[in-house]
>>> print(open('data21.cif').read())   # mmCIF, C-alpha atoms
data_target
loop_
_atom_site.label_atom_id
_atom_site.label_comp_id
_atom_site.auth_asym_id
_atom_site.auth_seq_id
_atom_site.Cartn_x
_atom_site.Cartn_y
_atom_site.Cartn_z
CA MET O 23 11.31 0.61 -49.48
CA PRO O 24 7.68 1.72 -50.02
CA PHE O 25 6.78 -0.25 -46.90
CA ALA O 26 9.41 1.60 -44.86
CA GLN O 27 8.29 4.94 -46.25
CA ASP O 28 4.64 4.18 -45.44
CA LEU O 29 5.61 3.14 -41.92
CA ILE O 30 7.60 6.34 -41.34
CA HIS O 31 4.73 8.42 -42.75
CA LYS O 32 2.24 6.75 -40.37
CA LEU O 33 4.53 7.37 -37.42
CA GLU O 34 5.12 11.02 -38.29
CA GLN O 35 1.82 12.11 -39.81
CA GLY O 36 -0.75 9.33 -39.58
CA ALA O 37 -2.46 7.40 -36.82
CA GLY O 38 0.82 5.90 -35.70
CA MET O 39 1.84 9.23 -34.18
CA ARG O 40 -0.94 8.87 -31.62
CA TYR O 41 0.24 5.42 -30.56
CA LEU O 42 3.81 6.64 -30.40
CA ARG O 43 2.81 9.46 -28.04
CA ILE O 44 0.76 7.09 -25.91
CA GLY O 45 3.66 4.65 -25.75
CA LEU O 46 6.11 7.38 -24.73
CA ALA O 47 3.67 8.63 -22.08
CA VAL O 48 3.27 5.11 -20.66
CA LEU O 49 7.03 4.63 -20.58
CA ALA O 50 7.45 7.98 -18.80
CA VAL O 51 4.85 7.02 -16.17
CA VAL O 52 6.38 3.56 -15.61
CA GLY O 53 9.85 5.10 -15.38
CA PHE O 54 8.64 7.64 -12.83
CA ILE O 55 6.96 4.95 -10.70
CA ALA O 56 10.05 2.71 -10.77
CA GLY O 57 12.37 5.63 -10.00
CA TYR O 58 10.23 6.89 -7.13
CA ASN O 59 10.04 3.47 -5.50
CA TRP O 60 13.75 2.90 -5.98
CA ARG O 61 14.74 6.22 -4.44
CA ALA O 62 11.93 7.15 -2.05
CA PHE O 63 10.67 3.91 -0.52
CA LYS O 64 12.23 3.54 2.96
CA ASN O 65 9.99 0.90 4.57
CA PHE O 66 7.32 1.96 7.05
CA SER O 67 8.17 4.92 9.25
CA THR O 68 4.92 5.37 11.18
CA GLN O 69 3.66 3.47 14.19
CA GLU O 70 0.16 3.16 12.71
CA ALA O 71 1.38 1.53 9.49
CA MET O 72 3.45 -1.04 11.35
CA ASP O 73 0.56 -1.75 13.72
CA GLN O 74 -1.87 -2.43 10.87
CA ALA O 75 0.72 -4.52 9.02
CA GLN O 76 1.40 -6.81 11.99
CA LEU O 77 -2.35 -7.17 12.52
CA ALA O 78 -2.71 -8.15 8.84
CA ARG O 79 0.10 -10.68 9.25
CA ASN O 80 -1.64 -12.26 12.25
CA LEU O 81 -4.83 -12.54 10.19
CA ALA O 82 -2.96 -14.04 7.23
CA GLU O 83 -1.32 -16.63 9.49
CA GLY O 84 -4.66 -17.70 10.98
CA LYS O 85 -4.15 -16.16 14.43
CA GLY O 86 -7.37 -14.17 14.25
CA TYR O 87 -7.98 -10.48 14.75
CA LYS O 88 -5.30 -10.35 17.43
CA THR O 89 -2.43 -7.94 17.99
CA LEU O 90 1.04 -7.81 19.54
CA PHE O 91 0.62 -4.07 20.12
CA VAL O 92 -1.06 -3.89 23.55
CA ARG O 93 -2.49 -0.57 24.67
CA PRO O 94 -3.29 0.23 28.33
CA PHE O 95 -6.81 1.42 27.52
CA SER O 96 -7.41 -1.71 25.42
CA MET O 97 -6.26 -3.85 28.36
CA TYR O 98 -8.71 -2.04 30.63
CA LEU O 99 -11.67 -2.50 28.28
CA VAL O 100 -10.94 -6.18 27.59
CA LYS O 101 -10.43 -6.86 31.29
CA ARG O 102 -13.70 -5.17 32.23
CA VAL O 103 -15.69 -7.13 29.64
CA ASN O 104 -14.06 -10.46 30.55
CA GLU O 105 -14.60 -9.94 34.27
CA LYS O 106 -18.29 -9.27 33.71
CA SER O 107 -18.72 -12.28 31.41
CA GLY O 108 -16.43 -14.63 33.32
CA ARG O 109 -14.08 -15.19 30.36
CA GLY O 110 -10.31 -14.90 30.20
CA ALA O 111 -9.42 -17.24 33.02
CA GLY O 112 -5.92 -17.82 31.68
CA SER O 113 -3.78 -20.90 32.27
CA GLY O 114 -3.78 -22.69 35.61
CA ASN O 115 -5.06 -20.67 38.55
CA LEU O 116 -3.79 -17.32 37.28
CA PRO O 117 -6.54 -15.17 35.80
CA ASP O 118 -5.76 -13.32 32.57
CA HIS O 119 -8.81 -11.14 32.13
CA ALA O 120 -6.77 -8.52 30.25
CA GLN O 121 -5.52 -11.20 27.80
CA ILE O 122 -1.90 -10.14 27.78
CA ARG O 123 -0.26 -13.54 28.27
CA ALA O 124 -1.41 -14.64 24.82
CA MET O 125 -2.55 -12.80 21.70
CA HIS O 126 -4.51 -9.69 22.63
CA PRO O 127 -7.70 -8.86 20.70
CA ASP O 128 -7.34 -5.71 18.63
CA ILE O 129 -10.04 -3.11 19.28
CA ALA O 130 -8.19 -0.04 17.95
CA ASN O 131 -8.08 -0.55 14.16
CA PRO O 132 -11.04 -0.61 11.76
CA PRO O 133 -11.15 -4.07 10.17
CA VAL O 134 -11.42 -3.39 6.41
CA TYR O 135 -7.85 -2.26 5.70
CA PRO O 136 -6.12 -5.00 7.77
CA LEU O 137 -8.37 -7.62 6.15
CA LEU O 138 -7.42 -6.33 2.70
CA LEU O 139 -3.73 -6.44 3.58
CA ALA O 140 -4.14 -9.92 5.06
CA GLY O 141 -5.63 -11.17 1.80
CA VAL O 142 -2.65 -9.84 -0.15
CA LEU O 143 -0.12 -11.26 2.34
CA LYS O 144 -1.90 -14.61 2.19
CA VAL O 145 -1.98 -14.85 -1.60
CA LEU O 146 1.43 -13.50 -2.61
CA PRO O 147 4.37 -15.89 -2.13
CA PHE O 148 7.18 -14.38 -0.04
CA GLU O 149 8.88 -14.93 3.30
CA TYR O 150 9.09 -12.68 6.33
CA ASN O 151 12.84 -12.80 6.11
CA THR O 152 15.36 -9.95 6.32
CA LYS O 153 18.33 -12.15 5.33
CA THR O 154 17.48 -12.31 1.64
CA LYS O 155 20.30 -11.73 -0.84
CA SER O 156 18.15 -10.40 -3.67
CA PRO O 157 19.44 -7.05 -5.02
CA LEU O 158 15.87 -5.76 -4.95
CA TRP O 159 15.79 -5.95 -1.14
CA THR O 160 19.45 -5.30 -0.32
CA ASN O 161 21.97 -2.53 -0.87
CA GLU O 162 25.60 -3.60 -1.21
CA GLY O 163 24.75 -6.85 0.51
CA ARG O 164 23.01 -5.20 3.47
CA PHE O 165 19.32 -5.17 4.35
CA TRP O 166 17.53 -2.30 2.63
CA ARG O 167 13.88 -3.07 1.88
CA TYR O 168 11.49 -5.40 3.70
CA PRO O 169 9.45 -7.45 1.14
CA PRO O 170 6.10 -7.39 3.04
CA ASP O 171 6.36 -3.62 3.54
CA PHE O 172 7.05 -3.12 -0.15
CA THR O 173 4.13 -5.41 -1.07
CA ILE O 174 1.74 -3.36 1.08
CA SER O 175 3.16 -0.16 -0.39
CA PHE O 176 2.63 -1.48 -3.93
CA LEU O 177 -1.00 -2.33 -3.07
CA ASN O 178 -1.52 1.24 -1.87
CA GLN O 179 0.00 2.55 -5.08
CA LEU O 180 -2.49 0.48 -7.08
CA MET O 181 -5.28 2.08 -5.06
CA PHE O 182 -3.70 5.48 -5.78
CA PHE O 183 -3.89 4.77 -9.52
CA GLY O 184 -7.49 3.68 -9.04
CA LEU O 185 -8.12 7.00 -7.32
CA ILE O 186 -6.61 8.87 -10.27
CA VAL O 187 -8.84 6.98 -12.71
CA ALA O 188 -11.91 7.64 -10.55
CA VAL O 189 -11.09 11.36 -10.36
CA PHE O 190 -10.58 11.47 -14.13
CA PHE O 191 -13.98 9.98 -14.98
CA LEU O 192 -15.79 11.92 -12.27
CA THR O 193 -14.26 15.21 -13.44
CA LYS O 194 -14.96 14.35 -17.07
CA ARG O 195 -18.61 13.75 -16.21
CA LEU O 196 -18.94 16.98 -14.21
CA PHE O 197 -16.86 19.23 -16.51
CA ASP O 198 -15.02 18.24 -19.72
CA PRO O 199 -12.06 16.10 -20.87
CA THR O 200 -9.57 18.97 -20.54
CA VAL O 201 -10.37 19.50 -16.87
CA ALA O 202 -10.36 15.73 -16.33
CA TRP O 203 -6.87 15.30 -17.79
CA PHE O 204 -5.56 18.29 -15.88
CA SER O 205 -7.00 16.97 -12.60
CA ALA O 206 -5.54 13.50 -13.16
CA ILE O 207 -2.10 14.89 -14.02
CA VAL O 208 -2.05 17.20 -11.00
CA LEU O 209 -3.10 14.34 -8.73
CA PHE O 210 -0.42 12.06 -10.18
CA ALA O 211 2.26 14.74 -9.85
CA THR O 212 1.48 15.65 -6.22
CA GLU O 213 4.33 14.32 -4.11
CA LEU O 214 2.27 14.36 -0.91
CA PHE O 215 -0.06 11.68 -2.30
CA TRP O 216 2.94 9.56 -3.28
CA ARG O 217 4.24 9.78 0.27
CA PHE O 218 0.90 8.49 1.55
CA ALA O 219 0.92 5.79 -1.14
CA VAL O 220 4.23 4.34 0.10
CA SER O 221 3.58 4.97 3.81
CA GLY O 222 1.54 1.81 4.43
CA LEU O 223 -1.34 3.81 5.89
CA SER O 224 -4.97 3.39 4.85
CA THR O 225 -5.15 6.90 3.36
CA MET O 226 -5.42 5.72 -0.26
CA LEU O 227 -8.21 3.26 0.58
CA VAL O 228 -10.18 5.95 2.40
CA MET O 229 -9.76 8.45 -0.44
CA LEU O 230 -10.70 5.83 -3.04
#
>>> encode(input="data21.cif", output="structure tokens")
Amino acid sequence: MPFAQDLIHKLEQGAGMRYLRIGLAVLAVVGFIAGYNWRAFKNFSTQEAMDQAQLARNLAEGKGYKTLFVRPFSMYLVKRVNEKSGRGAGSGNLPDHAQIRAMHPDIANPPVYPLLLAGVLKVLPFEYNTKTKSPLWTNEGRFWRYPPDFTISFLNQLMFFGLIVAVFFLTKRLFDPTVAWFSAIVLFATELFWRFAVSGLSTMLVML
């Protein structure tokens, strides 16, 4: 019994109370993250996020910095360059200076974010399949979440947590620990940043 009494005393009055509070705070944060992803993640809803994701997939599959999203102005620029250099002859006798019969080179997206996504898509084991039966990706047996989209979203959330940590230490250095904790909590609790974190856009990388 003395052991139990000492343990209870440490949890209520001693150093154990600190670890108990930290543990409860960590559980609350993990619960919030899991709940937000379960309720708020709806796959990518913006054209830009889907464009960068398909570019990252092409990179991960070894197709080069090529895109399936062909823009008229991009066609014009590629055609002008190929005509001047004599490239892009195409197959047979049909010229393809605009490079639209095969993979089109992407000249619209900055390369860092798609390359980062491509590395993640290359390393993590999953399939580009919407017919999975896993309850994590389906709802009542129907398609609900796309695994690659969720993987990219999770990567952006990790960068969001990195941003929170960076803001905490920067604010602590410029001001004091109280301001640092307050800044980190406000940043974590701002729903707008969470929307960007699950959107698939490069916002979190740019902010970090």
>>> atom_distance(input="data21.cif", atom1="CA of Leu196 in chain O", atom2="CA of Met181 in chain O")
22.2 Å
>>> atom_distance(input="data21.cif", atom1="CA of Ile186 in chain O", atom2="CA of Ala206 in chain O")
5.6 Å
>>> residues_around(input="data21.cif", residues="Asn59 in chain O", least_positions_apart="2", cutoff="12 Å", atoms="all atoms listed in the file", output="list in words")
Val52, Gly53, Phe54, Ile55, Ala56, Gly57, Arg61, Ala62, Phe63, Lys64, Asn65, Leu158, Trp159, Arg167, Phe172, Thr173, Ser175, Phe176, Gln179, Trp216, Arg217, Ala219, Val220 and Ser221 of chain O
>>> closest_residue(input="data21.cif", among="O:Ala78, O:Ala124, O:Val189, O:Leu46", to="Phe204 in chain O", atoms="only C-alpha atoms")
O:Val189
>>> closest_residue(input="data21.cif", among="O:Pro170, O:Asn178, O:Arg123, O:Thr68", to="Glu149 in chain O", atoms="only C-alpha atoms")
O:Pro170
>>> resolve_selection(input="data21.cif", expression="the PyMOL selection byres ((chain O and resi 140) around 10)", output="CSV table (one decimal) with C-alpha atoms, keeping the file's coordinate frame")
chain,number,residue,atom,x,y,z
O,74,GLN,CA,-1.9,-2.4,10.9
O,75,ALA,CA,0.7,-4.5,9.0
O,76,GLN,CA,1.4,-6.8,12.0
O,77,LEU,CA,-2.4,-7.2,12.5
O,78,ALA,CA,-2.7,-8.2,8.8
O,79,ARG,CA,0.1,-10.7,9.2
O,80,ASN,CA,-1.6,-12.3,12.2
O,81,LEU,CA,-4.8,-12.5,10.2
O,82,ALA,CA,-3.0,-14.0,7.2
O,83,GLU,CA,-1.3,-16.6,9.5
O,84,GLY,CA,-4.7,-17.7,11.0
O,134,VAL,CA,-11.4,-3.4,6.4
O,135,TYR,CA,-7.8,-2.3,5.7
O,136,PRO,CA,-6.1,-5.0,7.8
O,137,LEU,CA,-8.4,-7.6,6.2
O,138,LEU,CA,-7.4,-6.3,2.7
O,139,LEU,CA,-3.7,-6.4,3.6
O,141,GLY,CA,-5.6,-11.2,1.8
O,142,VAL,CA,-2.6,-9.8,-0.2
O,143,LEU,CA,-0.1,-11.3,2.3
O,144,LYS,CA,-1.9,-14.6,2.2
O,145,VAL,CA,-2.0,-14.8,-1.6
O,174,ILE,CA,1.7,-3.4,1.1
>>> resolve_selection(input="data21.cif", expression="the PyMOL selection byres ((chain O and resi 165) around 12)", output="CSV table (one decimal) with C-alpha atoms, in the coordinates of the input")
chain,number,residue,atom,x,y,z
O,64,LYS,CA,12.2,3.5,3.0
O,65,ASN,CA,10.0,0.9,4.6
O,151,ASN,CA,12.8,-12.8,6.1
O,152,THR,CA,15.4,-10.0,6.3
O,153,LYS,CA,18.3,-12.2,5.3
O,154,THR,CA,17.5,-12.3,1.6
O,155,LYS,CA,20.3,-11.7,-0.8
O,156,SER,CA,18.2,-10.4,-3.7
O,157,PRO,CA,19.4,-7.0,-5.0
O,158,LEU,CA,15.9,-5.8,-5.0
O,159,TRP,CA,15.8,-6.0,-1.1
O,160,THR,CA,19.4,-5.3,-0.3
O,161,ASN,CA,22.0,-2.5,-0.9
O,162,GLU,CA,25.6,-3.6,-1.2
O,163,GLY,CA,24.8,-6.8,0.5
O,164,ARG,CA,23.0,-5.2,3.5
O,166,TRP,CA,17.5,-2.3,2.6
O,167,ARG,CA,13.9,-3.1,1.9
O,168,TYR,CA,11.5,-5.4,3.7
O,169,PRO,CA,9.4,-7.4,1.1
>>> closest_residue(input="data21.cif", among="O:Phe190, O:Asp118, O:Val201, O:Val228", to="Arg102 in chain O", atoms="only C-alpha atoms")
O:Asp118
>>> atom_distance(input="data21.cif", atom1="CA of Ile129 in chain O", atom2="CA of Met72 in chain O")
15.8 Å
>>> residues_near_point(input="data21.cif", point="(1.8, 13.8, -19.3)", cutoff="10 Å", atoms="all atoms listed in the file", output="list in words")
Arg43, Ile44, Leu46, Ala47, Val48, Ala50, Val51, Trp203, Phe204, Ala206, Ile207, Val208, Phe210 and Ala211 of chain O
>>> resolve_selection(input="data21.cif", expression="the PyMOL selection byres ((chain O and resi 188) around 12)", output="MDAnalysis selection string")
chainID O and resid 181:187 189:195 202:203 205:206 209 229:230
>>> write_last_selection(input="data21.cif", atoms="C-alpha atoms", output="PDB file, in the frame of the given file")
ATOM      1  CA  MET O 181      -5.280   2.080  -5.060  1.00  0.00           C
ATOM      2  CA  PHE O 182      -3.700   5.480  -5.780  1.00  0.00           C
ATOM      3  CA  PHE O 183      -3.890   4.770  -9.520  1.00  0.00           C
ATOM      4  CA  GLY O 184      -7.490   3.680  -9.040  1.00  0.00           C
ATOM      5  CA  LEU O 185      -8.120   7.000  -7.320  1.00  0.00           C
ATOM      6  CA  ILE O 186      -6.610   8.870 -10.270  1.00  0.00           C
ATOM      7  CA  VAL O 187      -8.840   6.980 -12.710  1.00  0.00           C
ATOM      8  CA  VAL O 189     -11.090  11.360 -10.360  1.00  0.00           C
ATOM      9  CA  PHE O 190     -10.580  11.470 -14.130  1.00  0.00           C
ATOM     10  CA  PHE O 191     -13.980   9.980 -14.980  1.00  0.00           C
ATOM     11  CA  LEU O 192     -15.790  11.920 -12.270  1.00  0.00           C
ATOM     12  CA  THR O 193     -14.260  15.210 -13.440  1.00  0.00           C
ATOM     13  CA  LYS O 194     -14.960  14.350 -17.070  1.00  0.00           C
ATOM     14  CA  ARG O 195     -18.610  13.750 -16.210  1.00  0.00           C
ATOM     15  CA  ALA O 202     -10.360  15.730 -16.330  1.00  0.00           C
ATOM     16  CA  TRP O 203      -6.870  15.300 -17.790  1.00  0.00           C
ATOM     17  CA  SER O 205      -7.000  16.970 -12.600  1.00  0.00           C
ATOM     18  CA  ALA O 206      -5.540  13.500 -13.160  1.00  0.00           C
ATOM     19  CA  LEU O 209      -3.100  14.340  -8.730  1.00  0.00           C
ATOM     20  CA  MET O 229      -9.760   8.450  -0.440  1.00  0.00           C
ATOM     21  CA  LEU O 230     -10.700   5.830  -3.040  1.00  0.00           C
TER      22      LEU O 230
END
>>> closest_residue(input="data21.cif", among="O:Met226, O:Val100, O:Ala71, O:Ala130", to="Asp171 in chain O", atoms="only C-alpha atoms")
O:Ala71
>>> residues_around(input="data21.cif", residues="His126 in chain O", least_positions_apart="5", cutoff="9 Å", atoms="all atoms listed in the file", output="PDB file with C-alpha atoms, keeping the file's coordinate frame")
ATOM      1  CA  TYR O  87      -7.980 -10.480  14.750  1.00  0.00           C
ATOM      2  CA  LYS O  88      -5.300 -10.350  17.430  1.00  0.00           C
ATOM      3  CA  THR O  89      -2.430  -7.940  17.990  1.00  0.00           C
ATOM      4  CA  LEU O  90       1.040  -7.810  19.540  1.00  0.00           C
ATOM      5  CA  PHE O  91       0.620  -4.070  20.120  1.00  0.00           C
ATOM      6  CA  VAL O  92      -1.060  -3.890  23.550  1.00  0.00           C
ATOM      7  CA  SER O  96      -7.410  -1.710  25.420  1.00  0.00           C
ATOM      8  CA  MET O  97      -6.260  -3.850  28.360  1.00  0.00           C
ATOM      9  CA  VAL O 100     -10.940  -6.180  27.590  1.00  0.00           C
ATOM     10  CA  ALA O 120      -6.770  -8.520  30.250  1.00  0.00           C
ATOM     11  CA  GLN O 121      -5.520 -11.200  27.800  1.00  0.00           C
TER      12      GLN O 121
END
>>> closest_residue(input="data21.cif", among="O:Tyr98, O:Phe197, O:Phe66, O:Tyr150", to="Leu223 in chain O", atoms="all atoms listed in the file")
O:Phe66
>>> closest_residue(input="data21.cif", among="O:Ser67, O:Asn104, O:Thr225, O:Thr212", to="His119 in chain O", atoms="only C-alpha atoms")
O:Asn104
>>> build_atoms(input="data21.cif", residues="range 141-164 of chain O", atoms="N, CA, C and O atoms", output="PDB file, keeping the file's coordinate frame")
ATOM      1  N   GLY O 141      -5.374 -10.422   3.026  1.00  0.00           N
ATOM      2  CA  GLY O 141      -5.630 -11.170   1.800  1.00  0.00           C
ATOM      3  C   GLY O 141      -4.438 -11.142   0.857  1.00  0.00           C
ATOM      4  O   GLY O 141      -4.067 -12.163   0.265  1.00  0.00           O
ATOM      5  N   VAL O 142      -3.817  -9.973   0.725  1.00  0.00           N
ATOM      6  CA  VAL O 142      -2.650  -9.840  -0.150  1.00  0.00           C
ATOM      7  C   VAL O 142      -1.472 -10.635   0.408  1.00  0.00           C
ATOM      8  O   VAL O 142      -0.772 -11.351  -0.324  1.00  0.00           O
ATOM      9  N   LEU O 143      -1.226 -10.520   1.719  1.00  0.00           N
ATOM     10  CA  LEU O 143      -0.120 -11.260   2.340  1.00  0.00           C
ATOM     11  C   LEU O 143      -0.333 -12.763   2.275  1.00  0.00           C
ATOM     12  O   LEU O 143       0.629 -13.529   2.244  1.00  0.00           O
ATOM     13  N   LYS O 144      -1.582 -13.189   2.260  1.00  0.00           N
ATOM     14  CA  LYS O 144      -1.900 -14.610   2.190  1.00  0.00           C
ATOM     15  C   LYS O 144      -1.678 -15.165   0.788  1.00  0.00           C
ATOM     16  O   LYS O 144      -1.195 -16.288   0.618  1.00  0.00           O
ATOM     17  N   VAL O 145      -2.010 -14.366  -0.217  1.00  0.00           N
ATOM     18  CA  VAL O 145      -1.980 -14.850  -1.600  1.00  0.00           C
ATOM     19  C   VAL O 145      -0.578 -14.793  -2.188  1.00  0.00           C
ATOM     20  O   VAL O 145      -0.113 -15.746  -2.828  1.00  0.00           O
ATOM     21  N   LEU O 146       0.129 -13.681  -1.970  1.00  0.00           N
ATOM     22  CA  LEU O 146       1.430 -13.500  -2.610  1.00  0.00           C
ATOM     23  C   LEU O 146       2.497 -14.355  -1.930  1.00  0.00           C
ATOM     24  O   LEU O 146       2.575 -14.386  -0.696  1.00  0.00           O
ATOM     25  N   PRO O 147       3.329 -15.014  -2.710  1.00  0.00           N
ATOM     26  CA  PRO O 147       4.370 -15.890  -2.130  1.00  0.00           C
ATOM     27  C   PRO O 147       5.637 -15.112  -1.768  1.00  0.00           C
ATOM     28  O   PRO O 147       6.361 -14.664  -2.647  1.00  0.00           O
ATOM     29  N   PHE O 148       5.915 -14.945  -0.513  1.00  0.00           N
ATOM     30  CA  PHE O 148       7.180 -14.380  -0.040  1.00  0.00           C
ATOM     31  C   PHE O 148       7.368 -14.787   1.405  1.00  0.00           C
ATOM     32  O   PHE O 148       6.454 -15.294   2.059  1.00  0.00           O
ATOM     33  N   GLU O 149       8.561 -14.563   1.925  1.00  0.00           N
ATOM     34  CA  GLU O 149       8.880 -14.930   3.300  1.00  0.00           C
ATOM     35  C   GLU O 149       9.132 -13.676   4.127  1.00  0.00           C
ATOM     36  O   GLU O 149       9.607 -12.671   3.611  1.00  0.00           O
ATOM     37  N   TYR O 150       8.802 -13.779   5.416  1.00  0.00           N
ATOM     38  CA  TYR O 150       9.090 -12.680   6.330  1.00  0.00           C
ATOM     39  C   TYR O 150      10.541 -12.798   6.791  1.00  0.00           C
ATOM     40  O   TYR O 150      10.825 -13.121   7.941  1.00  0.00           O
ATOM     41  N   ASN O 151      11.430 -12.540   5.860  1.00  0.00           N
ATOM     42  CA  ASN O 151      12.840 -12.800   6.110  1.00  0.00           C
ATOM     43  C   ASN O 151      13.655 -11.574   5.713  1.00  0.00           C
ATOM     44  O   ASN O 151      13.501 -11.044   4.606  1.00  0.00           O
ATOM     45  N   THR O 152      14.523 -11.119   6.613  1.00  0.00           N
ATOM     46  CA  THR O 152      15.360  -9.950   6.320  1.00  0.00           C
ATOM     47  C   THR O 152      16.754 -10.363   5.855  1.00  0.00           C
ATOM     48  O   THR O 152      17.590  -9.494   5.607  1.00  0.00           O
ATOM     49  N   LYS O 153      16.991 -11.673   5.704  1.00  0.00           N
ATOM     50  CA  LYS O 153      18.330 -12.150   5.330  1.00  0.00           C
ATOM     51  C   LYS O 153      18.407 -12.504   3.847  1.00  0.00           C
ATOM     52  O   LYS O 153      19.301 -13.211   3.418  1.00  0.00           O
ATOM     53  N   THR O 154      17.465 -12.027   3.062  1.00  0.00           N
ATOM     54  CA  THR O 154      17.480 -12.310   1.640  1.00  0.00           C
ATOM     55  C   THR O 154      18.676 -11.640   0.958  1.00  0.00           C
ATOM     56  O   THR O 154      19.129 -10.577   1.385  1.00  0.00           O
ATOM     57  N   LYS O 155      19.159 -12.261  -0.100  1.00  0.00           N
ATOM     58  CA  LYS O 155      20.300 -11.730  -0.840  1.00  0.00           C
ATOM     59  C   LYS O 155      19.896 -11.080  -2.161  1.00  0.00           C
ATOM     60  O   LYS O 155      20.753 -10.651  -2.935  1.00  0.00           O
ATOM     61  N   SER O 156      18.610 -10.995  -2.419  1.00  0.00           N
ATOM     62  CA  SER O 156      18.150 -10.400  -3.670  1.00  0.00           C
ATOM     63  C   SER O 156      18.544  -8.926  -3.751  1.00  0.00           C
ATOM     64  O   SER O 156      18.390  -8.185  -2.783  1.00  0.00           O
ATOM     65  N   PRO O 157      19.051  -8.465  -4.901  1.00  0.00           N
ATOM     66  CA  PRO O 157      19.440  -7.050  -5.020  1.00  0.00           C
ATOM     67  C   PRO O 157      18.265  -6.093  -4.917  1.00  0.00           C
ATOM     68  O   PRO O 157      18.460  -4.901  -4.671  1.00  0.00           O
ATOM     69  N   LEU O 158      17.035  -6.617  -5.095  1.00  0.00           N
ATOM     70  CA  LEU O 158      15.870  -5.760  -4.950  1.00  0.00           C
ATOM     71  C   LEU O 158      15.641  -5.339  -3.507  1.00  0.00           C
ATOM     72  O   LEU O 158      15.128  -4.255  -3.230  1.00  0.00           O
ATOM     73  N   TRP O 159      16.036  -6.200  -2.563  1.00  0.00           N
ATOM     74  CA  TRP O 159      15.790  -5.950  -1.140  1.00  0.00           C
ATOM     75  C   TRP O 159      17.044  -5.549  -0.374  1.00  0.00           C
ATOM     76  O   TRP O 159      16.954  -5.214   0.804  1.00  0.00           O
ATOM     77  N   THR O 160      18.206  -5.609  -1.011  1.00  0.00           N
ATOM     78  CA  THR O 160      19.450  -5.300  -0.320  1.00  0.00           C
ATOM     79  C   THR O 160      20.199  -4.179  -1.035  1.00  0.00           C
ATOM     80  O   THR O 160      19.945  -3.888  -2.206  1.00  0.00           O
ATOM     81  N   ASN O 161      21.113  -3.571  -0.329  1.00  0.00           N
ATOM     82  CA  ASN O 161      21.970  -2.530  -0.870  1.00  0.00           C
ATOM     83  C   ASN O 161      23.411  -2.830  -0.460  1.00  0.00           C
ATOM     84  O   ASN O 161      23.749  -2.757   0.716  1.00  0.00           O
ATOM     85  N   GLU O 162      24.217  -3.201  -1.457  1.00  0.00           N
ATOM     86  CA  GLU O 162      25.600  -3.600  -1.210  1.00  0.00           C
ATOM     87  C   GLU O 162      25.690  -4.745  -0.205  1.00  0.00           C
ATOM     88  O   GLU O 162      26.535  -4.765   0.678  1.00  0.00           O
ATOM     89  N   GLY O 163      24.758  -5.673  -0.349  1.00  0.00           N
ATOM     90  CA  GLY O 163      24.750  -6.850   0.510  1.00  0.00           C
ATOM     91  C   GLY O 163      24.110  -6.667   1.861  1.00  0.00           C
ATOM     92  O   GLY O 163      24.010  -7.624   2.633  1.00  0.00           O
ATOM     93  N   ARG O 164      23.654  -5.470   2.179  1.00  0.00           N
ATOM     94  CA  ARG O 164      23.010  -5.200   3.470  1.00  0.00           C
ATOM     95  C   ARG O 164      21.511  -5.016   3.300  1.00  0.00           C
ATOM     96  O   ARG O 164      21.040  -4.595   2.251  1.00  0.00           O
TER      97      ARG O 164
END
